[in-house]
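Below is the file coords_17.tsv, which contains TSV, N, CA and C atoms.
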chain	number	residue	atom	x	y	z
A	1	MET	N	31.84	-12.90	31.88
A	1	MET	CA	31.88	-12.91	30.46
A	1	MET	C	31.40	-11.56	29.94
A	2	SER	N	32.09	-11.05	28.95
A	2	SER	CA	31.70	-9.74	28.43
A	2	SER	C	30.74	-9.91	27.25
A	3	GLU	N	29.86	-8.98	27.16
A	3	GLU	CA	28.91	-9.03	26.06
A	3	GLU	C	29.47	-8.25	24.89
A	4	PHE	N	29.40	-8.88	23.71
A	4	PHE	CA	29.86	-8.22	22.50
A	4	PHE	C	28.65	-7.89	21.65
A	5	LYS	N	28.47	-6.62	21.41
A	5	LYS	CA	27.37	-6.18	20.55
A	5	LYS	C	27.98	-5.39	19.40
A	6	PRO	N	27.73	-5.83	18.19
A	6	PRO	CA	28.27	-5.08	17.06
A	6	PRO	C	27.63	-3.70	16.97
A	7	SER	N	28.44	-2.73	16.59
A	7	SER	CA	27.94	-1.36	16.52
A	7	SER	C	26.97	-1.17	15.36
A	8	SER	N	27.14	-1.94	14.31
A	8	SER	CA	26.20	-1.86	13.19
A	8	SER	C	26.02	-3.26	12.62
A	9	THR	N	24.86	-3.50	12.12
A	9	THR	CA	24.62	-4.80	11.51
A	9	THR	C	24.86	-4.68	10.02
A	10	SER	N	25.78	-5.49	9.53
A	10	SER	CA	26.09	-5.49	8.10
A	10	SER	C	26.46	-6.90	7.69
A	11	THR	N	26.61	-7.08	6.41
A	11	THR	CA	26.97	-8.40	5.90
A	11	THR	C	28.46	-8.68	6.05
A	12	ASN	N	29.25	-7.65	6.35
A	12	ASN	CA	30.68	-7.83	6.52
A	12	ASN	C	30.99	-8.24	7.95
A	13	LEU	N	31.76	-9.30	8.10
A	13	LEU	CA	32.14	-9.74	9.43
A	13	LEU	C	33.32	-8.95	9.97
A	14	LEU	N	34.20	-8.52	9.07
A	14	LEU	CA	35.35	-7.72	9.47
A	14	LEU	C	35.20	-6.33	8.88
A	15	SER	N	35.72	-5.36	9.58
A	15	SER	CA	35.66	-4.02	9.02
A	15	SER	C	36.62	-3.95	7.83
A	16	SER	N	36.31	-3.10	6.89
A	16	SER	CA	37.07	-3.05	5.64
A	16	SER	C	38.50	-2.54	5.85
A	17	GLY	N	38.77	-1.84	6.92
A	17	GLY	CA	40.10	-1.30	7.14
A	17	GLY	C	41.07	-2.29	7.76
A	18	LYS	N	40.61	-3.43	8.19
A	18	LYS	CA	41.46	-4.38	8.90
A	18	LYS	C	42.28	-5.27	7.99
A	19	SER	N	41.80	-5.58	6.78
A	19	SER	CA	42.48	-6.55	5.95
A	19	SER	C	42.46	-6.11	4.49
A	20	SER	N	43.64	-5.88	3.93
A	20	SER	CA	43.69	-5.48	2.52
A	20	SER	C	43.36	-6.67	1.61
A	21	ARG	N	43.72	-7.88	2.01
A	21	ARG	CA	43.39	-9.06	1.21
A	21	ARG	C	41.88	-9.29	1.16
A	22	LEU	N	41.24	-9.12	2.29
A	22	LEU	CA	39.79	-9.26	2.35
A	22	LEU	C	39.12	-8.21	1.47
A	23	MET	N	39.63	-7.01	1.50
A	23	MET	CA	39.07	-5.94	0.68
A	23	MET	C	39.25	-6.25	-0.81
A	24	ASP	N	40.40	-6.79	-1.20
A	24	ASP	CA	40.62	-7.17	-2.60
A	24	ASP	C	39.65	-8.26	-3.02
A	25	MET	N	39.46	-9.26	-2.18
A	25	MET	CA	38.53	-10.34	-2.51
A	25	MET	C	37.10	-9.81	-2.63
A	26	ARG	N	36.72	-8.92	-1.75
A	26	ARG	CA	35.38	-8.35	-1.77
A	26	ARG	C	35.17	-7.54	-3.05
A	27	ASN	N	36.18	-6.75	-3.44
A	27	ASN	CA	36.07	-5.95	-4.66
A	27	ASN	C	35.98	-6.84	-5.90
A	28	LYS	N	36.76	-7.92	-5.92
A	28	LYS	CA	36.70	-8.84	-7.05
A	28	LYS	C	35.33	-9.48	-7.17
A	29	SER	N	34.77	-9.91	-6.04
A	29	SER	CA	33.46	-10.56	-6.10
A	29	SER	C	32.38	-9.57	-6.51
A	30	LEU	N	32.48	-8.33	-6.07
A	30	LEU	CA	31.50	-7.32	-6.47
A	30	LEU	C	31.62	-7.02	-7.96
A	31	ASN	N	32.85	-6.97	-8.48
A	31	ASN	CA	33.05	-6.72	-9.90
A	31	ASN	C	32.53	-7.87	-10.74
A	32	LEU	N	32.68	-9.10	-10.27
A	32	LEU	CA	32.19	-10.26	-11.01
A	32	LEU	C	30.67	-10.23	-11.09
A	33	HIS	N	30.01	-9.85	-10.01
A	33	HIS	CA	28.56	-9.81	-10.01
A	33	HIS	C	28.04	-8.66	-10.89
A	34	ASN	N	28.75	-7.56	-10.93
A	34	ASN	CA	28.32	-6.42	-11.74
A	34	ASN	C	28.55	-6.66	-13.22
A	35	ASP	N	29.60	-7.40	-13.57
A	35	ASP	CA	29.94	-7.65	-14.96
A	35	ASP	C	29.42	-9.00	-15.44
A	36	ALA	N	28.33	-9.47	-14.86
A	36	ALA	CA	27.81	-10.79	-15.20
A	36	ALA	C	27.23	-10.84	-16.61
A	37	ALA	N	26.75	-9.73	-17.15
A	37	ALA	CA	26.19	-9.73	-18.50
A	37	ALA	C	27.32	-9.84	-19.52
A	38	PRO	N	27.28	-10.86	-20.39
A	38	PRO	CA	28.36	-11.03	-21.37
A	38	PRO	C	28.32	-9.93	-22.42
A	39	ALA	N	29.49	-9.40	-22.72
A	39	ALA	CA	29.59	-8.33	-23.70
A	39	ALA	C	29.52	-8.86	-25.12
A	40	SER	N	29.83	-10.13	-25.33
A	40	SER	CA	29.85	-10.68	-26.67
A	40	SER	C	28.47	-11.11	-27.15
A	41	ALA	N	27.45	-11.07	-26.31
A	41	ALA	CA	26.13	-11.53	-26.69
A	41	ALA	C	25.45	-10.55	-27.66
A	42	GLN	N	25.66	-9.28	-27.52
A	42	GLN	CA	25.01	-8.32	-28.40
A	42	GLN	C	25.51	-8.39	-29.84
A	43	PRO	N	26.82	-8.44	-30.10
A	43	PRO	CA	27.25	-8.51	-31.49
A	43	PRO	C	26.76	-9.77	-32.20
A	44	GLN	N	26.65	-10.88	-31.48
A	44	GLN	CA	26.20	-12.10	-32.11
A	44	GLN	C	24.74	-11.97	-32.54
A	45	ALA	N	23.94	-11.28	-31.77
A	45	ALA	CA	22.53	-11.12	-32.11
A	45	ALA	C	22.38	-10.33	-33.41
A	46	SER	N	23.18	-9.30	-33.62
A	46	SER	CA	23.09	-8.53	-34.85
A	46	SER	C	23.67	-9.30	-36.02
A	47	ASP	N	24.69	-10.14	-35.77
A	47	ASP	CA	25.29	-10.94	-36.82
A	47	ASP	C	24.34	-12.04	-37.30
A	48	LYS	N	23.51	-12.55	-36.41
A	48	LYS	CA	22.63	-13.66	-36.76
A	48	LYS	C	21.65	-13.27	-37.87
A	49	SER	N	21.21	-12.04	-37.88
A	49	SER	CA	20.25	-11.63	-38.90
A	49	SER	C	20.91	-11.57	-40.28
A	50	LYS	N	22.22	-11.40	-40.33
A	50	LYS	CA	22.94	-11.29	-41.59
A	50	LYS	C	23.42	-12.64	-42.10
A	51	GLN	N	23.45	-13.67	-41.25
A	51	GLN	CA	24.05	-14.94	-41.61
A	51	GLN	C	23.10	-15.83	-42.39
A	52	ASN	N	23.70	-16.79	-43.04
A	52	ASN	CA	23.00	-17.79	-43.82
A	52	ASN	C	22.10	-18.62	-42.88
A	53	PRO	N	20.86	-18.89	-43.27
A	53	PRO	CA	19.99	-19.69	-42.39
A	53	PRO	C	20.50	-21.11	-42.18
A	54	ASP	N	21.22	-21.66	-43.18
A	54	ASP	CA	21.80	-23.00	-43.01
A	54	ASP	C	22.91	-22.98	-41.96
A	55	LEU	N	23.67	-21.89	-41.93
A	55	LEU	CA	24.71	-21.75	-40.91
A	55	LEU	C	24.08	-21.65	-39.53
A	56	LEU	N	23.00	-20.91	-39.43
A	56	LEU	CA	22.30	-20.79	-38.15
A	56	LEU	C	21.74	-22.14	-37.70
A	57	LEU	N	21.22	-22.92	-38.65
A	57	LEU	CA	20.70	-24.25	-38.34
A	57	LEU	C	21.84	-25.14	-37.83
A	58	ALA	N	22.98	-25.09	-38.51
A	58	ALA	CA	24.13	-25.90	-38.10
A	58	ALA	C	24.59	-25.51	-36.70
A	59	ARG	N	24.67	-24.22	-36.44
A	59	ARG	CA	25.09	-23.76	-35.11
A	59	ARG	C	24.11	-24.20	-34.03
A	60	GLN	N	22.82	-24.11	-34.34
A	60	GLN	CA	21.80	-24.51	-33.37
A	60	GLN	C	21.90	-26.01	-33.06
A	61	LEU	N	22.07	-26.82	-34.10
A	61	LEU	CA	22.18	-28.27	-33.90
A	61	LEU	C	23.46	-28.63	-33.13
A	62	ILE	N	24.55	-27.93	-33.43
A	62	ILE	CA	25.82	-28.19	-32.73
A	62	ILE	C	25.69	-27.79	-31.26
A	63	ASP	N	25.13	-26.61	-31.00
A	63	ASP	CA	24.96	-26.16	-29.62
A	63	ASP	C	24.08	-27.13	-28.82
A	64	GLN	N	23.01	-27.58	-29.45
A	64	GLN	CA	22.10	-28.50	-28.78
A	64	GLN	C	22.80	-29.83	-28.48
A	65	ARG	N	23.55	-30.33	-29.45
A	65	ARG	CA	24.25	-31.62	-29.26
A	65	ARG	C	25.32	-31.50	-28.17
A	66	VAL	N	26.08	-30.42	-28.18
A	66	VAL	CA	27.11	-30.22	-27.15
A	66	VAL	C	26.47	-30.11	-25.77
A	67	ALA	N	25.37	-29.40	-25.68
A	67	ALA	CA	24.67	-29.27	-24.39
A	67	ALA	C	24.18	-30.63	-23.91
A	68	ASP	N	23.64	-31.45	-24.82
A	68	ASP	CA	23.18	-32.79	-24.45
A	68	ASP	C	24.33	-33.67	-23.97
A	69	ILE	N	25.46	-33.58	-24.67
A	69	ILE	CA	26.62	-34.38	-24.30
A	69	ILE	C	27.14	-33.96	-22.93
A	70	LEU	N	27.28	-32.65	-22.72
A	70	LEU	CA	27.81	-32.16	-21.45
A	70	LEU	C	26.86	-32.48	-20.29
A	71	ALA	N	25.56	-32.50	-20.56
A	71	ALA	CA	24.60	-32.82	-19.50
A	71	ALA	C	24.74	-34.28	-19.05
A	72	GLY	N	25.22	-35.14	-19.93
A	72	GLY	CA	25.37	-36.54	-19.59
A	72	GLY	C	26.69	-36.88	-18.93
A	73	LEU	N	27.58	-35.92	-18.81
A	73	LEU	CA	28.90	-36.16	-18.21
A	73	LEU	C	28.90	-35.69	-16.76
A	74	PRO	N	29.80	-36.27	-15.93
A	74	PRO	CA	29.89	-35.83	-14.53
A	74	PRO	C	30.26	-34.35	-14.45
A	75	VAL	N	29.71	-33.67	-13.46
A	75	VAL	CA	29.81	-32.22	-13.35
A	75	VAL	C	31.26	-31.71	-13.32
A	76	GLY	N	32.11	-32.30	-12.55
A	76	GLY	CA	33.47	-31.78	-12.42
A	76	GLY	C	34.39	-32.14	-13.56
A	77	LYS	N	33.99	-33.07	-14.42
A	77	LYS	CA	34.90	-33.55	-15.46
A	77	LYS	C	34.34	-33.38	-16.85
A	78	GLN	N	33.39	-32.49	-17.04
A	78	GLN	CA	32.74	-32.34	-18.33
A	78	GLN	C	33.71	-31.94	-19.43
A	79	ARG	N	34.50	-30.89	-19.19
A	79	ARG	CA	35.41	-30.40	-20.22
A	79	ARG	C	36.46	-31.43	-20.59
A	80	SER	N	37.07	-32.05	-19.58
A	80	SER	CA	38.15	-32.99	-19.86
A	80	SER	C	37.64	-34.24	-20.56
A	81	LEU	N	36.51	-34.78	-20.12
A	81	LEU	CA	35.95	-35.96	-20.78
A	81	LEU	C	35.48	-35.64	-22.20
A	82	PHE	N	34.90	-34.47	-22.40
A	82	PHE	CA	34.49	-34.06	-23.74
A	82	PHE	C	35.70	-33.98	-24.65
A	83	LYS	N	36.78	-33.40	-24.15
A	83	LYS	CA	37.99	-33.26	-24.95
A	83	LYS	C	38.59	-34.61	-25.30
A	84	VAL	N	38.57	-35.55	-24.36
A	84	VAL	CA	39.11	-36.89	-24.62
A	84	VAL	C	38.26	-37.61	-25.66
A	85	ARG	N	36.95	-37.50	-25.53
A	85	ARG	CA	36.06	-38.25	-26.44
A	85	ARG	C	35.97	-37.64	-27.84
A	86	TYR	N	36.01	-36.32	-27.94
A	86	TYR	CA	35.75	-35.68	-29.23
A	86	TYR	C	36.96	-34.97	-29.82
A	87	GLY	N	38.03	-34.82	-29.09
A	87	GLY	CA	39.26	-34.27	-29.63
A	87	GLY	C	39.39	-32.77	-29.62
A	88	PHE	N	38.44	-32.06	-29.05
A	88	PHE	CA	38.53	-30.61	-28.93
A	88	PHE	C	37.75	-30.15	-27.72
A	89	ASP	N	38.14	-28.99	-27.21
A	89	ASP	CA	37.49	-28.40	-26.05
A	89	ASP	C	36.12	-27.85	-26.45
A	90	PRO	N	35.11	-27.94	-25.58
A	90	PRO	CA	33.82	-27.34	-25.93
A	90	PRO	C	33.91	-25.83	-26.12
A	91	GLU	N	34.89	-25.18	-25.49
A	91	GLU	CA	35.05	-23.74	-25.65
A	91	GLU	C	35.70	-23.39	-26.99
A	92	ASN	N	36.37	-24.36	-27.61
A	92	ASN	CA	37.07	-24.10	-28.87
A	92	ASN	C	36.28	-24.54	-30.09
A	93	ILE	N	34.98	-24.67	-29.95
A	93	ILE	CA	34.13	-25.08	-31.06
A	93	ILE	C	34.20	-24.06	-32.19
A	94	HIS	N	34.31	-22.80	-31.85
A	94	HIS	CA	34.28	-21.75	-32.87
A	94	HIS	C	35.49	-21.81	-33.80
A	95	LEU	N	36.54	-22.57	-33.45
A	95	LEU	CA	37.72	-22.69	-34.29
A	95	LEU	C	37.63	-23.86	-35.27
A	96	GLN	N	36.70	-24.76	-35.05
A	96	GLN	CA	36.60	-25.99	-35.86
A	96	GLN	C	35.74	-25.76	-37.10
A	97	PRO	N	36.07	-26.44	-38.21
A	97	PRO	CA	35.20	-26.39	-39.39
A	97	PRO	C	33.87	-27.09	-39.10
A	98	LEU	N	32.81	-26.60	-39.70
A	98	LEU	CA	31.49	-27.18	-39.46
A	98	LEU	C	31.43	-28.65	-39.85
A	99	ALA	N	32.07	-29.00	-40.96
A	99	ALA	CA	32.04	-30.40	-41.41
A	99	ALA	C	32.65	-31.32	-40.36
A	100	GLN	N	33.75	-30.90	-39.75
A	100	GLN	CA	34.39	-31.71	-38.71
A	100	GLN	C	33.50	-31.80	-37.47
A	101	LEU	N	32.88	-30.70	-37.09
A	101	LEU	CA	31.99	-30.72	-35.92
A	101	LEU	C	30.80	-31.65	-36.15
A	102	ILE	N	30.20	-31.55	-37.32
A	102	ILE	CA	29.02	-32.38	-37.62
A	102	ILE	C	29.40	-33.85	-37.64
A	103	LYS	N	30.57	-34.15	-38.19
A	103	LYS	CA	31.01	-35.55	-38.26
A	103	LYS	C	31.37	-36.09	-36.88
A	104	SER	N	32.14	-35.33	-36.11
A	104	SER	CA	32.59	-35.84	-34.81
A	104	SER	C	31.46	-35.90	-33.78
A	105	LEU	N	30.51	-34.99	-33.86
A	105	LEU	CA	29.38	-35.00	-32.92
A	105	LEU	C	28.24	-35.90	-33.40
A	106	LYS	N	28.39	-36.47	-34.61
A	106	LYS	CA	27.40	-37.39	-35.20
A	106	LYS	C	26.01	-36.75	-35.29
A	107	ILE	N	26.00	-35.56	-35.85
A	107	ILE	CA	24.74	-34.84	-36.04
A	107	ILE	C	24.12	-35.32	-37.35
A	108	GLN	N	22.87	-35.73	-37.27
A	108	GLN	CA	22.17	-36.22	-38.45
A	108	GLN	C	21.03	-35.27	-38.80
A	109	HIS	N	21.11	-34.73	-40.00
A	109	HIS	CA	20.08	-33.85	-40.52
A	109	HIS	C	20.09	-34.02	-42.03
A	110	PRO	N	18.93	-34.02	-42.69
A	110	PRO	CA	18.90	-34.23	-44.15
A	110	PRO	C	19.78	-33.26	-44.93
A	111	LYS	N	19.89	-32.04	-44.48
A	111	LYS	CA	20.70	-31.06	-45.21
A	111	LYS	C	22.19	-31.39	-45.14
A	112	PHE	N	22.60	-32.08	-44.08
A	112	PHE	CA	24.01	-32.38	-43.92
A	112	PHE	C	24.39	-33.76	-44.44
A	113	GLU	N	23.42	-34.65	-44.59
A	113	GLU	CA	23.71	-36.00	-45.08
A	113	GLU	C	24.00	-35.98	-46.58
A	114	ARG	N	23.23	-35.23	-47.36
A	114	ARG	CA	23.45	-35.07	-48.79
A	114	ARG	C	23.49	-33.58	-49.10
A	115	PRO	N	24.63	-32.94	-48.82
A	115	PRO	CA	24.69	-31.48	-48.98
A	115	PRO	C	24.72	-31.04	-50.45
A	116	SER	N	24.08	-29.91	-50.71
A	116	SER	CA	24.14	-29.29	-52.04
A	116	SER	C	25.48	-28.57	-52.17
A	117	ALA	N	25.73	-27.99	-53.34
A	117	ALA	CA	27.00	-27.30	-53.59
A	117	ALA	C	27.17	-26.12	-52.62
A	118	ASP	N	26.10	-25.36	-52.41
A	118	ASP	CA	26.18	-24.22	-51.48
A	118	ASP	C	26.44	-24.71	-50.06
A	119	MET	N	25.80	-25.82	-49.71
A	119	MET	CA	25.99	-26.37	-48.37
A	119	MET	C	27.41	-26.86	-48.18
A	120	LYS	N	28.01	-27.45	-49.21
A	120	LYS	CA	29.40	-27.92	-49.11
A	120	LYS	C	30.34	-26.75	-48.86
A	121	ASN	N	30.07	-25.64	-49.53
A	121	ASN	CA	30.90	-24.44	-49.29
A	121	ASN	C	30.72	-23.93	-47.87
A	122	MET	N	29.49	-23.99	-47.37
A	122	MET	CA	29.23	-23.53	-46.02
A	122	MET	C	29.90	-24.44	-44.99
A	123	LEU	N	29.96	-25.74	-45.26
A	123	LEU	CA	30.55	-26.69	-44.32
A	123	LEU	C	32.06	-26.50	-44.19
A	124	GLU	N	32.67	-25.79	-45.13
A	124	GLU	CA	34.10	-25.51	-45.05
A	124	GLU	C	34.40	-24.32	-44.14
A	125	LEU	N	33.37	-23.62	-43.72
A	125	LEU	CA	33.55	-22.47	-42.82
A	125	LEU	C	33.66	-22.95	-41.37
A	126	THR	N	34.10	-22.05	-40.50
A	126	THR	CA	34.15	-22.37	-39.08
A	126	THR	C	32.77	-22.16	-38.48
A	127	TYR	N	32.66	-22.46	-37.21
A	127	TYR	CA	31.40	-22.31	-36.47
A	127	TYR	C	30.86	-20.89	-36.56
A	128	ASN	N	31.73	-19.90	-36.57
A	128	ASN	CA	31.31	-18.49	-36.62
A	128	ASN	C	31.09	-17.99	-38.04
A	129	GLY	N	31.27	-18.84	-39.06
A	129	GLY	CA	31.05	-18.43	-40.44
A	129	GLY	C	32.26	-17.85	-41.11
A	130	GLN	N	33.42	-17.97	-40.52
A	130	GLN	CA	34.65	-17.45	-41.09
A	130	GLN	C	35.38	-18.58	-41.80
A	131	PRO	N	36.19	-18.25	-42.82
A	131	PRO	CA	36.96	-19.29	-43.51
A	131	PRO	C	37.98	-19.94	-42.58
A	132	VAL	N	38.23	-21.23	-42.81
A	132	VAL	CA	39.19	-21.96	-41.99
A	132	VAL	C	40.59	-21.47	-42.32
A	133	GLN	N	41.38	-21.25	-41.30
A	133	GLN	CA	42.75	-20.77	-41.52
A	133	GLN	C	43.73	-21.90	-41.51

Write the structure described by the file as structure tokens, please.
Amino acid sequence: MSEFKPSSTSTNLLSSGKSSRLMDMRNKSLNLHNDAAPASAQPQASDKSKQNPDLLLARQLIDQRVADILAGLPVGKQRSLFKVRYGFDPENIHLQPLAQLIKSLKIQHPKFERPSADMKNMLELTYNGQPVQ
């Protein structure tokens, strides 16, 4: 029996020159790990200081409710079951009017149960504070 001793110890089992497919997969995984920080997180932080506090409260309550709902669903079927039960994808929340989100998610808060005139105008906006198209 011949003894096989690798010339160098590395995390790669195959040398990079042997397989172009392996090299592509390795490059993709390295790019995913390097680009893990979301680019959209910074603009939202600066926008939050400019937004209406009632809008921020509504977004916080919606995010919390969606997280609670998704935590109660089976791991592999969260998106599909959420869509069946509530009529929209959890990723498409930003397209829905706040009034529809609050009603469908059954969010109860004194400001939303008996809204003032300003609150009614705010409830006609989308999750991101833009007018409904």

Go ahead and compute the interatomic distance for CA of Leu55 in chain A and CA of Pro131 in chain A, in Å to one decimal. 12.8 Å

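The residue set within 10 Å of range 114-127 of chain A, counting only C-alpha atoms and dropping same-chain residues fewer than 2 places from it, reads Asn52, Asp54, Leu55, Leu56, Ala58, Arg59, Ile62, Asn92, Ile93, His94, Leu95, Gln96, Pro97, Leu98, Ala99, Gln100, Leu101, Ile102, His109, Pro110, Lys111, Phe112, Gly129, Gln130, Pro131, Val132 and Gln133 of chain A.
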
Would you mind reading off the distance between atom N of Val66 in chain A and atom N of Leu105 in chain A, one decimal, in Å? 8.5 Å

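As for atom C of Lys77 in chain A and atom N of Ser104 in chain A, they are spaced 19.5 Å apart.
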
Hey, could you pull the box centre and edge lengths for range 92-104 of chain A, axis-aligned, 8 Å padding per side, all listed atoms, to one decimal in Å, as JSON?
{"center_x": 33.4, "center_y": -28.9, "center_z": -34.5, "size_x": 24.7, "size_y": 30.3, "size_z": 29.8}

Pick out the closest residue to Leu61 in chain A from this set: A:Lys106, A:Gln78, A:Glu113, A:Met25. Count only C-alpha atoms. A:Lys106

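Proximity to Phe82 in chain A was assessed for A:Leu30, A:Leu22, A:Ile69, A:Ile107 counting only C-alpha atoms; the smallest distance is recorded for A:Ile69.
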